[in-house]
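Colleague: For reference, the file protein_29.cif (mmCIF, C-alpha atoms) is included below:
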data_query
#
loop_
_atom_site.label_atom_id
_atom_site.label_comp_id
_atom_site.auth_asym_id
_atom_site.auth_seq_id
_atom_site.Cartn_x
_atom_site.Cartn_y
_atom_site.Cartn_z
CA MET A 1 57.02 -9.88 -52.88
CA ILE A 2 57.00 -11.78 -56.16
CA LYS A 3 59.07 -10.24 -58.95
CA GLY A 4 60.05 -11.19 -62.46
CA ARG A 5 57.34 -13.83 -62.90
CA ASP A 6 54.80 -14.34 -65.68
CA ILE A 7 51.17 -14.17 -64.49
CA ILE A 8 48.03 -14.94 -66.48
CA VAL A 9 44.72 -13.53 -65.19
CA ILE A 10 41.40 -15.00 -66.32
CA GLY A 11 38.00 -14.04 -64.99
CA ILE A 12 34.42 -13.03 -65.59
CA GLN A 13 35.00 -9.32 -66.22
CA PRO A 14 36.64 -8.00 -69.39
CA TRP A 15 39.21 -5.23 -69.30
CA ASP A 16 36.78 -2.85 -71.03
CA ILE A 17 34.13 -3.15 -68.31
CA GLU A 18 32.72 0.28 -67.36
CA ILE A 19 32.59 -0.25 -63.60
CA GLY A 20 35.42 -0.77 -61.15
CA SER A 21 36.89 -4.24 -60.95
CA ASN A 22 38.91 -5.88 -58.18
CA CYS A 23 40.55 -8.11 -60.74
CA LYS A 24 41.76 -5.21 -62.90
CA ASN A 25 43.22 -3.47 -59.85
CA ILE A 26 44.99 -6.68 -58.83
CA ALA A 27 46.32 -7.24 -62.36
CA GLU A 28 47.72 -3.70 -62.47
CA GLU A 29 49.44 -4.29 -59.14
CA PHE A 30 50.82 -7.63 -60.35
CA ALA A 31 52.23 -5.80 -63.39
CA ARG A 32 54.33 -3.45 -61.29
CA HIS A 33 56.96 -6.17 -60.91
CA ASN A 34 55.84 -8.99 -63.23
CA ARG A 35 54.67 -9.59 -66.79
CA VAL A 36 50.90 -10.00 -66.83
CA LEU A 37 48.45 -11.24 -69.44
CA TYR A 38 44.85 -10.23 -68.67
CA VAL A 39 42.40 -12.45 -70.56
CA ASN A 40 38.92 -11.14 -71.33
CA ALA A 41 36.05 -13.57 -70.85
CA PRO A 42 35.45 -15.37 -74.17
CA LEU A 43 32.51 -14.32 -76.33
CA ASP A 44 29.62 -16.78 -76.31
CA ARG A 45 27.40 -17.43 -79.29
CA ILE A 46 24.13 -16.05 -77.88
CA THR A 47 25.75 -12.79 -76.70
CA ARG A 48 27.40 -12.43 -80.10
CA GLN A 49 24.01 -12.61 -81.75
CA LYS A 50 21.93 -10.58 -79.27
CA GLU A 51 24.44 -7.75 -78.78
CA LYS A 52 26.11 -7.76 -82.19
CA ASN A 53 25.44 -4.07 -82.77
CA THR A 54 27.02 -2.87 -79.52
CA PRO A 55 30.52 -1.33 -79.68
CA LYS A 56 32.03 -4.00 -77.41
CA ILE A 57 30.74 -6.94 -79.44
CA GLN A 58 31.59 -5.20 -82.72
CA LYS A 59 35.18 -4.94 -81.50
CA ARG A 60 35.26 -8.64 -80.66
CA ILE A 61 33.82 -9.50 -84.07
CA ARG A 62 36.58 -7.46 -85.72
CA VAL A 63 39.13 -9.37 -83.64
CA GLN A 64 37.62 -12.67 -84.80
CA GLN A 65 37.72 -11.47 -88.39
CA GLY A 66 41.38 -10.51 -88.02
CA THR A 67 40.91 -6.81 -88.73
CA GLU A 68 41.96 -5.89 -85.17
CA PRO A 69 44.67 -7.52 -83.04
CA ASP A 70 43.61 -9.98 -80.36
CA LEU A 71 46.60 -9.14 -78.16
CA VAL A 72 46.91 -5.52 -77.01
CA SER A 73 49.75 -3.98 -75.00
CA LEU A 74 48.41 -1.83 -72.15
CA ASN A 75 51.81 -0.93 -70.76
CA GLN A 76 55.33 -2.32 -70.60
CA ASN A 77 54.35 -5.29 -68.42
CA LEU A 78 50.63 -5.71 -69.10
CA TRP A 79 48.76 -7.18 -72.08
CA ASN A 80 45.06 -7.72 -72.75
CA LEU A 81 43.86 -10.71 -74.75
CA TYR A 82 40.58 -10.81 -76.70
CA PRO A 83 40.07 -14.56 -77.29
CA LYS A 84 39.22 -15.18 -80.95
CA GLY A 85 37.16 -18.30 -80.46
CA VAL A 86 33.41 -18.25 -79.81
CA ILE A 87 32.20 -20.55 -77.06
CA GLU A 88 28.78 -22.17 -76.87
CA SER A 89 26.06 -20.76 -74.61
CA ILE A 90 25.32 -23.80 -72.44
CA ASN A 91 23.99 -22.58 -69.11
CA TRP A 92 20.43 -23.61 -70.06
CA ILE A 93 21.44 -27.29 -70.27
CA LYS A 94 20.04 -29.29 -67.37
CA SER A 95 21.95 -32.52 -67.93
CA PRO A 96 25.25 -32.42 -65.97
CA TRP A 97 26.74 -35.04 -68.31
CA LEU A 98 26.00 -33.05 -71.46
CA TYR A 99 26.96 -29.75 -69.83
CA ASP A 100 30.36 -31.12 -68.80
CA ILE A 101 31.13 -32.33 -72.33
CA LEU A 102 30.34 -28.95 -73.86
CA ASN A 103 32.01 -26.99 -71.06
CA LYS A 104 35.21 -28.95 -71.56
CA ARG A 105 35.04 -28.03 -75.25
CA ASN A 106 34.56 -24.35 -74.30
CA ASN A 107 37.58 -24.58 -72.00
CA ARG A 108 39.69 -25.97 -74.83
CA ILE A 109 38.68 -23.07 -77.10
CA LEU A 110 39.72 -20.54 -74.48
CA ALA A 111 42.92 -22.43 -73.64
CA LYS A 112 43.91 -22.45 -77.32
CA ALA A 113 43.64 -18.66 -77.46
CA ILE A 114 45.66 -18.30 -74.25
CA GLN A 115 48.34 -20.72 -75.47
CA SER A 116 48.74 -18.66 -78.63
CA ALA A 117 49.33 -15.54 -76.52
CA ILE A 118 51.74 -17.45 -74.24
CA GLN A 119 53.86 -18.38 -77.25
CA ARG A 120 53.88 -14.86 -78.65
CA LEU A 121 54.80 -13.30 -75.32
CA GLY A 122 57.30 -16.00 -74.38
CA PHE A 123 55.63 -16.70 -71.03
CA SER A 124 56.90 -19.68 -69.02
CA ASN A 125 56.54 -21.15 -65.52
CA PHE A 126 53.55 -18.86 -65.11
CA ILE A 127 51.09 -18.33 -62.28
CA LEU A 128 47.44 -18.63 -63.33
CA PHE A 129 45.09 -16.35 -61.37
CA ASN A 130 41.38 -17.09 -61.85
CA ASP A 131 38.91 -14.42 -60.75
CA SER A 132 35.69 -16.37 -60.04
CA SER A 133 35.48 -18.01 -63.48
CA MET A 134 34.18 -21.35 -62.23
CA PHE A 135 33.01 -22.57 -65.66
CA SER A 136 35.59 -21.31 -68.17
CA GLY A 137 38.37 -21.94 -65.67
CA LEU A 138 37.36 -25.46 -64.62
CA TYR A 139 39.85 -27.34 -66.81
CA MET A 140 42.57 -24.69 -67.15
CA LYS A 141 44.93 -26.39 -64.73
CA GLU A 142 45.04 -29.46 -66.95
CA LEU A 143 45.03 -27.55 -70.24
CA LEU A 144 47.56 -24.81 -69.46
CA LYS A 145 49.66 -26.56 -66.78
CA PRO A 146 50.54 -23.47 -64.71
CA ALA A 147 53.21 -23.56 -62.01
CA ILE A 148 50.59 -22.36 -59.50
CA TYR A 149 46.82 -22.17 -60.00
CA VAL A 150 45.09 -19.55 -57.81
CA TYR A 151 41.30 -19.26 -57.50
CA TYR A 152 40.06 -15.85 -56.29
CA MET A 153 36.64 -15.80 -54.63
CA ARG A 154 35.11 -12.41 -53.83
CA ASP A 155 31.39 -13.06 -54.11
CA TYR A 156 28.87 -15.80 -53.39
CA LEU A 157 28.13 -16.23 -57.07
CA THR A 158 26.33 -19.53 -56.56
CA LYS A 159 23.54 -17.66 -54.76
CA ASN A 160 22.79 -15.99 -58.11
CA PRO A 161 20.39 -18.06 -60.28
CA TYR A 162 22.69 -18.00 -63.33
CA TRP A 163 25.69 -19.36 -61.43
CA ARG A 164 23.70 -21.60 -59.10
CA ARG A 165 22.43 -23.99 -61.79
CA GLN A 166 25.86 -25.53 -62.44
CA GLY A 167 28.04 -23.68 -59.96
CA VAL A 168 26.85 -25.45 -56.81
CA ARG A 169 28.26 -28.63 -58.36
CA LEU A 170 31.28 -27.26 -60.22
CA GLU A 171 32.77 -24.54 -58.01
CA PRO A 172 33.75 -27.01 -55.25
CA GLU A 173 35.42 -29.14 -57.94
CA LEU A 174 37.46 -26.15 -59.11
CA ILE A 175 38.36 -25.18 -55.54
CA ARG A 176 39.66 -28.72 -54.95
CA LYS A 177 41.81 -28.50 -58.09
CA ALA A 178 43.33 -25.12 -57.24
CA ASP A 179 46.70 -24.93 -55.53
CA LEU A 180 45.48 -21.89 -53.62
CA VAL A 181 42.16 -20.17 -52.91
CA VAL A 182 42.25 -16.50 -51.88
CA ASN A 183 39.23 -14.60 -50.60
CA ASN A 184 38.27 -11.07 -49.59
CA SER A 185 36.01 -12.31 -46.79
CA THR A 186 36.40 -14.69 -43.87
CA LEU A 187 33.02 -16.16 -44.84
CA TYR A 188 34.30 -17.11 -48.30
CA ALA A 189 37.60 -18.35 -46.87
CA ASP A 190 35.71 -20.70 -44.55
CA TYR A 191 33.60 -21.91 -47.45
CA GLY A 192 36.66 -22.59 -49.59
CA ARG A 193 38.37 -24.43 -46.74
CA GLN A 194 35.67 -27.10 -46.88
CA PHE A 195 37.23 -28.25 -50.16
CA ASN A 196 40.82 -27.00 -50.02
CA LYS A 197 42.93 -26.51 -46.89
CA HIS A 198 44.80 -23.70 -48.65
CA SER A 199 41.93 -21.20 -48.57
CA TYR A 200 42.89 -17.86 -47.05
CA MET A 201 41.47 -14.43 -46.36
CA VAL A 202 43.66 -11.78 -48.04
CA GLY A 203 41.53 -8.69 -47.44
CA GLN A 204 40.68 -6.16 -50.09
CA GLY A 205 42.35 -3.28 -51.82
CA CYS A 206 40.75 0.10 -52.17
CA ASP A 207 41.96 3.31 -53.79
CA VAL A 208 41.02 5.95 -51.25
CA THR A 209 43.13 8.79 -52.64
CA LEU A 210 39.96 10.57 -53.78
CA PHE A 211 38.72 10.49 -50.17
CA ASN A 212 41.90 11.84 -48.59
CA ASP A 213 40.98 15.23 -47.16
CA THR A 214 44.21 15.67 -45.21
CA ASP A 215 46.38 16.30 -48.30
CA HIS A 216 43.78 18.47 -50.03
CA GLU A 217 40.81 20.27 -48.53
CA ILE A 218 37.38 18.85 -49.39
CA LEU A 219 34.41 21.13 -48.83
CA PRO A 220 30.89 19.83 -48.17
CA ALA A 221 28.58 19.68 -51.19
CA ASP A 222 26.53 22.82 -51.74
CA ASP A 223 23.18 21.01 -51.70
CA LEU A 224 23.84 19.84 -48.13
CA GLY A 225 23.89 23.43 -46.94
CA THR A 226 20.16 23.74 -46.21
CA ILE A 227 19.78 20.33 -44.58
CA PRO A 228 19.68 20.45 -40.74
CA HIS A 229 22.33 18.63 -38.69
CA PRO A 230 23.04 16.04 -37.52
CA VAL A 231 23.21 14.44 -40.96
CA ILE A 232 23.25 10.65 -41.13
CA GLY A 233 24.30 9.78 -44.67
CA TYR A 234 24.64 6.97 -47.18
CA VAL A 235 26.43 7.11 -50.53
CA GLY A 236 25.92 4.41 -53.15
CA PHE A 237 23.35 2.56 -55.22
CA LEU A 238 20.03 2.35 -53.39
CA ALA A 239 19.23 -1.30 -54.02
CA SER A 240 16.34 -2.96 -52.19
CA ARG A 241 18.10 -6.33 -52.38
CA ARG A 242 20.95 -4.99 -50.25
CA LEU A 243 19.58 -2.14 -48.11
CA ASP A 244 17.00 -2.32 -45.33
CA ILE A 245 14.23 0.13 -46.23
CA GLY A 246 12.30 -0.58 -43.02
CA LEU A 247 15.35 0.10 -40.88
CA ILE A 248 15.96 3.47 -42.55
CA ALA A 249 12.29 4.44 -42.21
CA ASN A 250 12.10 3.59 -38.53
CA ILE A 251 15.31 5.44 -37.67
CA ALA A 252 13.95 8.54 -39.40
CA ARG A 253 10.56 8.31 -37.69
CA GLN A 254 11.98 7.74 -34.22
CA ARG A 255 14.51 10.56 -34.55
CA PRO A 256 12.76 13.33 -36.53
CA GLY A 257 15.51 15.77 -35.53
CA TRP A 258 18.05 13.80 -37.55
CA SER A 259 18.42 14.27 -41.30
CA ILE A 260 18.80 11.02 -43.22
CA VAL A 261 20.56 11.81 -46.51
CA LEU A 262 20.71 9.24 -49.31
CA VAL A 263 22.99 9.94 -52.27
CA GLY A 264 22.79 7.63 -55.28
CA PRO A 265 20.49 6.14 -57.93
CA GLU A 266 17.44 4.18 -56.76
CA ASP A 267 16.00 0.91 -57.94
CA ASP A 268 12.24 0.70 -58.57
CA VAL A 269 11.44 -0.55 -55.07
CA PHE A 270 13.24 2.39 -53.47
CA LYS A 271 11.48 4.81 -55.81
CA ALA A 272 8.08 3.48 -54.71
CA SER A 273 8.97 3.14 -51.02
CA GLU A 274 7.56 4.88 -47.97
CA LEU A 275 10.88 6.65 -47.51
CA HIS A 276 9.85 9.40 -49.93
CA SER A 277 6.97 10.41 -47.64
CA ILE A 278 9.10 10.87 -44.51
CA PRO A 279 10.05 14.56 -44.20
CA ASN A 280 13.51 14.15 -42.64
CA ILE A 281 14.71 11.74 -45.34
CA HIS A 282 16.44 13.54 -48.21
CA PHE A 283 17.07 11.87 -51.57
CA LEU A 284 19.76 13.78 -53.46
CA GLY A 285 19.91 11.50 -56.51
CA SER A 286 22.80 10.15 -58.51
CA ARG A 287 26.08 12.06 -58.37
CA ASP A 288 29.34 11.75 -60.26
CA SER A 289 31.79 9.54 -58.39
CA GLN A 290 34.41 12.30 -58.39
CA ILE A 291 32.30 14.52 -56.13
CA LEU A 292 31.06 11.86 -53.70
CA PRO A 293 33.72 12.84 -51.14
CA THR A 294 32.05 16.27 -50.86
CA TYR A 295 28.88 14.56 -49.64
CA ILE A 296 30.67 12.30 -47.17
CA LYS A 297 32.47 15.41 -45.90
CA GLY A 298 29.12 16.92 -44.96
CA PHE A 299 27.85 13.87 -43.05
CA ASP A 300 28.08 13.75 -39.27
CA VAL A 301 27.73 9.96 -39.31
CA CYS A 302 27.98 7.60 -42.28
CA MET A 303 25.91 4.45 -42.49
CA ASN A 304 25.54 1.22 -44.41
CA PRO A 305 22.11 -0.14 -43.39
CA GLN A 306 22.30 -3.50 -45.11
CA LEU A 307 19.88 -6.34 -45.15
CA VAL A 308 21.50 -9.58 -44.03
CA ASN A 309 21.29 -12.05 -46.89
CA ASP A 310 23.49 -14.01 -49.26
CA ALA A 311 24.24 -10.86 -51.25
CA THR A 312 25.61 -8.98 -48.22
CA ARG A 313 26.89 -11.39 -45.59
CA GLY A 314 30.31 -11.90 -47.10
CA ASN A 315 30.75 -9.04 -49.54
CA TYR A 316 33.56 -6.64 -48.74
CA PRO A 317 31.96 -3.15 -48.56
CA ARG A 318 34.33 -0.71 -50.26
CA LYS A 319 32.23 2.23 -49.13
CA ILE A 320 33.28 1.56 -45.52
CA ASP A 321 36.90 2.20 -46.47
CA GLU A 322 35.80 5.41 -48.20
CA TYR A 323 33.87 6.58 -45.14
CA LEU A 324 36.74 5.77 -42.80
CA ALA A 325 39.33 7.36 -45.10
CA MET A 326 37.57 10.65 -44.43
CA GLY A 327 37.63 9.99 -40.70
CA LYS A 328 33.87 9.68 -40.40
CA PRO A 329 32.15 7.76 -37.61
CA THR A 330 30.45 4.88 -39.38
CA ILE A 331 27.62 2.58 -38.41
CA ALA A 332 26.80 -0.56 -40.36
CA THR A 333 24.80 -3.73 -40.06
CA ALA A 334 26.71 -6.51 -38.35
CA THR A 335 27.70 -9.14 -40.95
CA GLU A 336 30.61 -11.55 -41.34
CA ALA A 337 32.25 -9.12 -43.75
CA MET A 338 31.93 -6.23 -41.30
CA ASP A 339 33.82 -8.14 -38.61
CA TYR A 340 36.91 -7.02 -40.51
CA PHE A 341 36.07 -3.41 -39.52
CA ARG A 342 34.83 -4.11 -35.99
CA ASP A 343 37.48 -2.06 -34.19
CA HIS A 344 36.80 1.07 -36.26
CA THR A 345 33.03 1.05 -36.84
CA TYR A 346 29.80 0.75 -34.88
CA LEU A 347 27.94 -2.47 -35.70
CA GLY A 348 24.28 -3.05 -35.01
CA SER A 349 21.27 -4.93 -36.32
CA THR A 350 18.02 -3.57 -34.90
CA VAL A 351 16.48 -0.12 -35.05
CA ALA A 352 17.16 0.37 -31.33
CA GLU A 353 20.82 -0.61 -31.75
CA TYR A 354 21.26 1.71 -34.72
CA ILE A 355 19.77 4.67 -32.86
CA ALA A 356 21.85 4.03 -29.73
CA LEU A 357 25.05 3.61 -31.76
CA ILE A 358 24.45 6.74 -33.85
CA GLU A 359 23.92 8.72 -30.64
CA ARG A 360 27.12 7.26 -29.23
CA ALA A 361 29.03 8.03 -32.46
CA LEU A 362 27.87 11.65 -32.41
CA GLU A 363 28.82 12.02 -28.75
CA GLU A 364 32.29 10.44 -28.71
CA ASP A 365 33.70 11.52 -32.07
CA SER A 366 37.10 13.16 -31.76
CA ALA A 367 40.11 14.19 -33.82
CA GLU A 368 42.02 11.21 -32.42
CA LYS A 369 39.32 8.74 -33.50
CA GLN A 370 39.11 10.37 -36.90
CA GLN A 371 42.83 9.87 -37.46
CA GLN A 372 42.65 6.25 -36.32
CA ARG A 373 39.92 5.62 -38.89
CA ARG A 374 41.94 7.29 -41.65
CA ASN A 375 45.04 5.25 -40.81
CA TYR A 376 43.08 2.01 -40.91
CA ALA A 377 41.42 2.77 -44.26
CA ILE A 378 44.56 3.86 -46.05
CA SER A 379 46.28 0.61 -45.02
CA HIS A 380 43.88 -1.22 -47.37
CA THR A 381 45.85 -0.46 -50.51
CA TRP A 382 45.96 -2.69 -53.57
CA GLU A 383 49.68 -3.05 -52.90
CA ASN A 384 49.04 -4.51 -49.44
CA ASN A 385 46.24 -6.70 -50.80
CA VAL A 386 48.52 -8.17 -53.47
CA LEU A 387 51.34 -8.65 -50.95
CA GLU A 388 48.95 -10.88 -48.99
CA ILE A 389 48.20 -12.85 -52.15
CA TYR A 390 51.93 -13.20 -52.83
CA LYS A 391 52.49 -14.47 -49.28
CA TYR A 392 50.17 -17.40 -49.81
CA ILE A 393 51.41 -18.10 -53.33
CA GLU A 394 54.90 -18.45 -51.88
CA LEU A 395 53.54 -20.67 -49.11
CA VAL A 396 51.91 -23.17 -51.46
CA ALA A 397 54.87 -22.99 -53.85
CA GLU A 398 57.16 -24.14 -51.02
CA LYS A 399 54.81 -27.00 -50.18
CA LYS A 400 54.62 -28.06 -53.83
#
Let me see whether you can do it: turn the structure in this file into structure tokens.

Modeller:
Amino acid sequence: MIKGRDIIVIGIQPWDIEIGSNCKNIAEEFARHNRVLYVNAPLDRITRQKEKNTPKIQKRIRVQQGTEPDLVSLNQNLWNLYPKGVIESINWIKSPWLYDILNKRNNRILAKAIQSAIQRLGFSNFILFNDSSMFSGLYMKELLKPAIYVYYMRDYLTKNPYWRRQGVRLEPELIRKADLVVNNSTLYADYGRQFNKHSYMVGQGCDVTLFNDTDHEILPADDLGTIPHPVIGYVGFLASRRLDIGLIANIARQRPGWSIVLVGPEDDVFKASELHSIPNIHFLGSRDSQILPTYIKGFDVCMNPQLVNDATRGNYPRKIDEYLAMGKPTIATATEAMDYFRDHTYLGSTVAEYIALIERALEEDSAEKQQQRRNYAISHTWENNVLEIYKYIELVAEKK
């Protein structure tokens, strides 16, 4: 446990992002016992121009004009900084030499804003926690001089075209500079260890209180009532880059007595796919996140039929924790990330393996197994996740 410290969090997601954010959850947990400054990603010139009429950019423009404060108190121990400076949009630059010059300038602009907040808040001897910001965070160790610099890696960003152009070259440089690299996947931890011996897997936090049906009764969703059992279900965005359409189709065709239920919005490929012509596949559409537990409650088996690619191999699948928190037998595609859940899930790759494992899951499910799954899922709290991060911060601090 680390208490009474000052912690600065920088990253690629602002506090006012609409979707869930690991980094926000971690910052809130940090702030339980420490003073925390959460720094929004700086506004770049092209975004300022292209999105100038959106509420988010309008707010940042008002901050730059001085009509709104740049430093906002979120609670007693947590502040949010809107950096006033505008950085240049430089990702299009092909020359590494020119890019590095301009990126260093961008880093100085951001560092100046952070230093101003440090002075106003009276921060000292602070820990700097960088959530995947490989460009804006590249020179922060030199510019801000933190007591400990932590780089948090939770995605293979360099497989994305935007990050790949400069990130393949620059992320290893940042990892080398960091005092500590923490990861939510063994795959990412192994990658980081190529450049820094202090690269560790710390797991992942997940708020599963919504999926706890032991403290409050959750009833199956009404629109599952007419669908024949057994129900093999998936909840989440139906994205063709991540989910195996062919696998789902073949399971449904080979087991017409099973109902395959898919809950969530579809991308264009899913909308045009063969799945819509298979009678025992049921698309229920997008549903509010607050009622998703009612769908999981009605599933006999939950599944995560992923493709195996750079987008899925290392990513921690939060939905597995949600499935397990409700005690559901769960089958998923075997990936490096899923090794973390091996003792509590069924892992397969082929159509034949999926079918055999679903049959096994249906046959051997029991109250005892359901409780074991619940216990495992609820251990993945943000508190436990941050305690792991603290453990390694203290380790490298001792070595320093």

Colleague: If you measure from CA of Val63 in chain A to CA of Gly4 in chain A, what distance in Å do you get, rounded to one decimal?

Modeller: 29.8 Å

Colleague: Hey, which of A:Leu43, A:Leu174, A:Ile245, A:Val182 ends up closest to Ser273 in chain A? Count all atoms listed in the file.

Modeller: A:Ile245

Colleague: Starting from the displayed file, determine the output of the PyMOL selection byres ((chain A and resi 86) around 7) and express the residue list as a PyMOL selection string.

Modeller: chain A and resi 42-45+84-85+87-88

Colleague: Quick one: which residues end up in the PyMOL selection byres ((chain A and resi 72) around 12) for this structure, as a CSV table (one decimal) with C-alpha atoms, keeping the file's coordinate frame?

Modeller:
chain,number,residue,atom,x,y,z
A,15,TRP,CA,39.2,-5.2,-69.3
A,36,VAL,CA,50.9,-10.0,-66.8
A,37,LEU,CA,48.4,-11.2,-69.4
A,38,TYR,CA,44.8,-10.2,-68.7
A,39,VAL,CA,42.4,-12.4,-70.6
A,40,ASN,CA,38.9,-11.1,-71.3
A,63,VAL,CA,39.1,-9.4,-83.6
A,68,GLU,CA,42.0,-5.9,-85.2
A,69,PRO,CA,44.7,-7.5,-83.0
A,70,ASP,CA,43.6,-10.0,-80.4
A,71,LEU,CA,46.6,-9.1,-78.2
A,73,SER,CA,49.8,-4.0,-75.0
A,74,LEU,CA,48.4,-1.8,-72.2
A,75,ASN,CA,51.8,-0.9,-70.8
A,76,GLN,CA,55.3,-2.3,-70.6
A,77,ASN,CA,54.4,-5.3,-68.4
A,78,LEU,CA,50.6,-5.7,-69.1
A,79,TRP,CA,48.8,-7.2,-72.1
A,80,ASN,CA,45.1,-7.7,-72.8
A,81,LEU,CA,43.9,-10.7,-74.8
A,82,TYR,CA,40.6,-10.8,-76.7
A,83,PRO,CA,40.1,-14.6,-77.3
A,117,ALA,CA,49.3,-15.5,-76.5
A,120,ARG,CA,53.9,-14.9,-78.6
A,121,LEU,CA,54.8,-13.3,-75.3

Colleague: For CA of Thr312 in chain A and CA of Thr335 in chain A, determine how far apart the two atoms are, in Å to one decimal place.

Modeller: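 Atom-to-atom, CA of Thr312 in chain A to CA of Thr335 in chain A, that is 7.6 Å.
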
Colleague: Expand the PyMOL selection byres ((chain A and resi 102) around 12) into the explicit residue set it covers here, and present it as a list of chain:residue names.

Modeller: A:Ile87, A:Glu88, A:Ser89, A:Ile90, A:Asn91, A:Trp92, A:Ile93, A:Ser95, A:Pro96, A:Trp97, A:Leu98, A:Tyr99, A:Asp100, A:Ile101, A:Asn103, A:Lys104, A:Arg105, A:Asn106, A:Asn107, A:Arg108, A:Ile109, A:Phe135, A:Ser136, A:Tyr139

Colleague: Could you please determine the separation between CA of Gln306 in chain A and CA of Asn160 in chain A in Å, to one decimal place?

Modeller: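 Separation between CA of Gln306 in chain A and CA of Asn160 in chain A: 18.0 Å.
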
Colleague: Give the answer as one residue: which of A:Lys3, A:Lys159, A:Arg241, A:Arg342 has the shortest atom-to-atom distance to Pro305 in chain A, using only C-alpha atoms?

Modeller: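 The closest residue to Pro305 in chain A is A:Arg241.
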
Colleague: Between A:Ala111, A:Met326, A:Ala311, A:Leu180, single out the one closest to Pro293 in chain A, counting all atoms listed in the file.

Modeller: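 Of A:Ala111, A:Met326, A:Ala311, A:Leu180, the one nearest Pro293 in chain A, counting all atoms listed in the file, is A:Met326.
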
Colleague: Using all atoms listed in the file, can you list as a VMD selection string the residues within 10 Å of (41.7, -23.1, -65.2)?

Modeller: chain A and resid 10 to 11 107 110 to 111 128 to 130 133 to 146 149 to 151 174 177 to 178

Colleague: Find the residue from A:Glu173, A:Glu398, A:Glu322, A:Asp155 that sits nearest to Asp310 in chain A; use all atoms listed in the file when measuring.

Modeller: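 Of the candidates, the smallest distance to Asp310 in chain A is held by A:Asp155.
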
Colleague: Need to verify the contact set: Asp215 in chain A, 12 Å, all atoms listed in the file, exclusion of same-chain residues closer than 5 positions in sequence. Can you return it as a PyMOL selection string?

Modeller: chain A and resi 209-210+325-326

Colleague: Of the candidates A:Gln194, A:Thr345, A:Thr47, A:Ser185, which one gets nearest to Arg374 in chain A if we count all atoms listed in the file?

Modeller: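 For Arg374 in chain A, the nearest of the candidates is A:Thr345.
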
Colleague: Just want the 12 Å neighbourhood of Leu362 in chain A, counted on all atoms listed in the file, with same-chain residues fewer than 6 positions away dropped. Output as a list in words.

Modeller: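 The neighbour list is His229, Pro230, Val231, Ile232, Trp258, Phe299, Asp300, Val301, Cys302, Lys328, Pro329, Thr330, Ile331, Tyr346, Ile355, Ala356 and Lys369 of chain A.
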
Colleague: How would the residues just chosen look if you wrote them out with C-alpha atoms as a PDB file, in the frame of the given file?

Modeller:
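Output saved as part.pdb:
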ATOM      1  CA  HIS A 229      22.330  18.630 -38.690  1.00  0.00           C
ATOM      2  CA  PRO A 230      23.040  16.040 -37.520  1.00  0.00           C
ATOM      3  CA  VAL A 231      23.210  14.440 -40.960  1.00  0.00           C
ATOM      4  CA  ILE A 232      23.250  10.650 -41.130  1.00  0.00           C
ATOM      5  CA  TRP A 258      18.050  13.800 -37.550  1.00  0.00           C
ATOM      6  CA  PHE A 299      27.850  13.870 -43.050  1.00  0.00           C
ATOM      7  CA  ASP A 300      28.080  13.750 -39.270  1.00  0.00           C
ATOM      8  CA  VAL A 301      27.730   9.960 -39.310  1.00  0.00           C
ATOM      9  CA  CYS A 302      27.980   7.600 -42.280  1.00  0.00           C
ATOM     10  CA  LYS A 328      33.870   9.680 -40.400  1.00  0.00           C
ATOM     11  CA  PRO A 329      32.150   7.760 -37.610  1.00  0.00           C
ATOM     12  CA  THR A 330      30.450   4.880 -39.380  1.00  0.00           C
ATOM     13  CA  ILE A 331      27.620   2.580 -38.410  1.00  0.00           C
ATOM     14  CA  TYR A 346      29.800   0.750 -34.880  1.00  0.00           C
ATOM     15  CA  ILE A 355      19.770   4.670 -32.860  1.00  0.00           C
ATOM     16  CA  ALA A 356      21.850   4.030 -29.730  1.00  0.00           C
ATOM     17  CA  LYS A 369      39.320   8.740 -33.500  1.00  0.00           C
TER      18      LYS A 369
END
